[in-house]
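Step one of this worksheet: look at the structure below.
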Amino acid sequence: MLIIENLSAEIDGKQILNGLTLTVEAGEIHAIMGPNGAGKSTLAYVLGGRPGYEVTGGSVTFNGKDLLDMDPHERAAAGMFLGFQYPVEIPGVSNVQFLREALNSQRKARGEEPLSGGEFLKLAKEKAGLLKLDMDMLKRNVNVGFSGGEKKRNEMVQMGILDPQFAVLDETDSGLDIDALRVVGEGINTIMRDPAKGVLLITHYQRLLDVVQPDKVSILAKGRIVETGGPELAHRLEEEGYDAVMKEDA
Amino acid sequence: MTDTATLPRPTNRDEDWRYSDGKFLAESAPEAMQTWSEIEVPAGETRCEILATGEGAVERLRVTVGKGARLEAFAILDKDSYRRTEVEVTLHDGAHFEFGGVTIGGGEATQEFVTRTIHAEPNGTSNQTVRAVHWGKATGNFLGRIEVVRDAQKTDAAQNFRAILLEKGATANTKPELEIYADDVQCAHGAAIGQMDEMAGYYMASRGLPPKVARKLLVQAFIGDAFVELADDGLREEMMEQALAKLDEAEL
C-alpha cells in the first residue's frame, strides 16, 4: 500500500532522512519507534508534503501512485491522513465548517457528490461520540483553547470523519492522560483496523501499543530504518532501551 | 459656503493624507476631497450606516451622536482605484461609536479609512475594528485619531487594525493617534501587519482543502472581526460575500 524506497530528505540544507526504506501493507498497523532526533517527525511531514521539507532522493509510492508528485491536498484526497504531533489552531474557523469543507473538497476531487449540512452533522456527531468529544467542541474554532488531550482527540475525530485509507500518526499519544490514551487508541482501532487500510504509528512509548496492537515495529535511527520486527521488538525497547537493542542486533 | 476656488489641495505632506494616492490628489478637484456630509443621531437613538457604497473616491461623513445614542458604521473598500472614507464623530454623554471596516484588493489601488473620534463628554465609548487584505501592489491604510477632552471622564475607546499581505509588494499603513486630556479613561489600540499563517494553510491542505479554498476560509475568519457588531445577519452576510468575491478575483 505504501512503499518507501531509499528516501532522503533535508530541512534547511540539513539532511535528516538518509536512505529510508519501509513498506506498509494494507491491513497493517506499523509502529515506528526511535530515539529523539532520529527523523520520525520529518518522515511524517515528508509523507504529508509539508513545504520546506525537501526530498533529495528515493521514492514513495502510495497505491501505485507517486506520492511525492502530489500537493498536500491531493495526498489527502488520495486517502492519506496526517495526524499532527502539534495540531494547529485556526482562529475564526469552526471545526464543523473546516471539516465539512475539507471532506467535500476531497469528495469533489474524487468525483463524488458533496455531503449536505445535515448528512455531515450526522457523520460528525457519530465520530465525535466515538472519541468522547462533545458536539460543542466541534462547533468551536479549530483547536483554539483546546487542551493538549482535546487537540489529539480532535485529530482522531477528523480522521474518523475523513475516513482515510492510510494514516500517518505522529506521536498521537504525547500529552494524553491514561484515560484519554485509551480513548484515542480505541478510536484508532475502530477507524483504521481494516483489511483495506494501513497505519504508520509513530510513537515513543509502549503504552499506546498496548491498546493499538501493531503488526510490525520498526526502529528509526539516524534517518533510516535499522530494524523491523513484530510487537515483541517494542517490548524489548521498553525494557532495554534503544542503545542496547540496536547494539545487540547489530 | 466656502469658496471652493480658494481651497488648498491636500498633498502627501499633510499628515492626514500621508499615505494617500499622490497622483489622485494632484489631479482631482480639491472640493471633491473636502466636502462633508453631516448627520445627527438624536439622544437615545441608534443609527446604522453602510458607507462607501457610492461612486465618489472620497467620502467624508461628520456625525454628532447625542446623549446615550449609538452610531454604527460599516464599510468595505474594494475598488480598483483610490478610495477614502473619512468619519468624524463627536460623542456626547454615554454615546457609542462602532466602526467596522475592511479594505481588500490587489492591483495598484490605495484604499483608506480615516476616523476622528471626539469623546466630547463623559461616559462615551467607541470601538473600531479595521481589517486589510491586499495583494499585488495595493495599499490599505487606517488612520485613526481619538480625542478625549478634559471633562470626558470614563471614556472607553478601543481601536484595532490588522492586515494580511498575501504577496510581496502589497502595503499596509496604520497610524493610531491618541490625544487624551482626561485622566480616568481607557484607550486601547492594537495593530499587526503580517502574512498568511503558513502552518494553518498547510494544516488545512493536509485535510484536503485546496490552497484557494483554505485561503478563503482564513480570510473569511480574519475579516469577519470587522462585522461582528453588525446586528443584521442578512446584511452582514452580504458584506462578507462582497469582500470575499474580491478575493476570488485574486490571481495568486
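Simple scheme: letters A, B, ... for chains in C-alpha cells order, numbers from 1 for residues in each chain, numbers from 1 for ligands in the order shown.
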
Exercise for review: Write out as a list in words each polymer residue whose atoms come within 9 Å of region 225-234 of chain B, counting only C-alpha atoms; drop sequence neighbours fewer than 6 positions from it.
Suggested key: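 Everything that qualifies: Gly92 of chain A; Cys48, Glu72, Ala73, Phe74, Glu98, Phe99, Gly100, Gly101, Val102, Gln128, Thr129, Val130, Arg131 and Met240 of chain B.
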
Check your understanding: Mind listing as a PyMOL selection string which residues of chain A are within 7 Å of chain B, counting only C-alpha atoms?
Key -> chain A and resi 48+50+72-74+76-77+82+88+90+92-93+102+105-106

Point to revise | Test item: residues at most 8 Å from region 68-71 of chain A, only C-alpha atoms, excluding those fewer than 2 positions along its chain, as a PyMOL selection string | key: chain A and resi 47+49+59-61+66+73-75

Point to revise | Counting only C-alpha atoms, the option among A:Glu227, A:Leu162, A:Ala31, A:Asp134 closest to Leu115 (chain A) | key: A:Leu162

Exercise for review: Would you work out the distance separating CA of Gly140 (chain B) from CA of Asn127 (chain B), expressed in Å to one decimal?
Suggested key: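 Between these atoms lies a distance of 19.5 Å.
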
Check your understanding: Gly175 (chain A): which residues within 10 Å, counting only C-alpha atoms, same-chain residues fewer than 2 positions away excluded, as a ChimeraX atom specification?
Key -> /A:85-86,147-152,171-173,177-178,180-181

Would you mind exporting N, CA and C atoms of the selected residues as a compact mmCIF listing (two decimals), in the first residue's frame?
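Result file follows (out22.txt):
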# COMPACT_ATOMS: atom_id res chain seq x y z
N GLN A 85 1.55 16.01 15.46
CA GLN A 85 2.04 15.97 16.84
C GLN A 85 1.57 17.23 17.58
N TYR A 86 1.60 18.36 16.88
CA TYR A 86 1.11 19.61 17.45
C TYR A 86 0.02 20.18 16.56
N SER A 147 -7.31 21.83 25.21
CA SER A 147 -6.17 21.28 25.94
C SER A 147 -5.40 20.34 25.01
N GLY A 148 -4.20 19.95 25.44
CA GLY A 148 -3.39 19.05 24.62
C GLY A 148 -4.15 17.78 24.27
N GLY A 149 -4.83 17.21 25.25
CA GLY A 149 -5.58 15.98 25.03
C GLY A 149 -6.76 16.18 24.09
N GLU A 150 -7.43 17.32 24.23
CA GLU A 150 -8.57 17.61 23.36
C GLU A 150 -8.11 17.78 21.91
N LYS A 151 -6.96 18.41 21.74
CA LYS A 151 -6.43 18.57 20.37
C LYS A 151 -6.19 17.21 19.73
N LYS A 152 -5.61 16.28 20.51
CA LYS A 152 -5.31 14.96 19.96
C LYS A 152 -6.59 14.18 19.66
N GLU A 171 3.17 10.81 16.89
CA GLU A 171 3.09 10.94 18.36
C GLU A 171 1.72 11.40 18.83
N THR A 172 0.72 10.67 18.32
CA THR A 172 -0.64 10.98 18.69
C THR A 172 -0.87 10.75 20.19
N ASP A 173 0.02 9.96 20.82
CA ASP A 173 -0.16 9.65 22.24
C ASP A 173 0.49 10.68 23.17
N ASP A 177 -3.48 11.85 28.97
CA ASP A 177 -3.51 11.11 30.23
C ASP A 177 -3.96 9.67 29.95
N ILE A 178 -3.96 8.85 30.98
CA ILE A 178 -4.20 7.42 30.77
C ILE A 178 -5.56 7.13 30.14
N ALA A 180 -7.44 9.25 28.36
CA ALA A 180 -7.51 9.78 27.00
C ALA A 180 -6.73 8.89 26.05
N LEU A 181 -5.62 8.32 26.54
CA LEU A 181 -4.81 7.43 25.72
C LEU A 181 -5.65 6.22 25.27
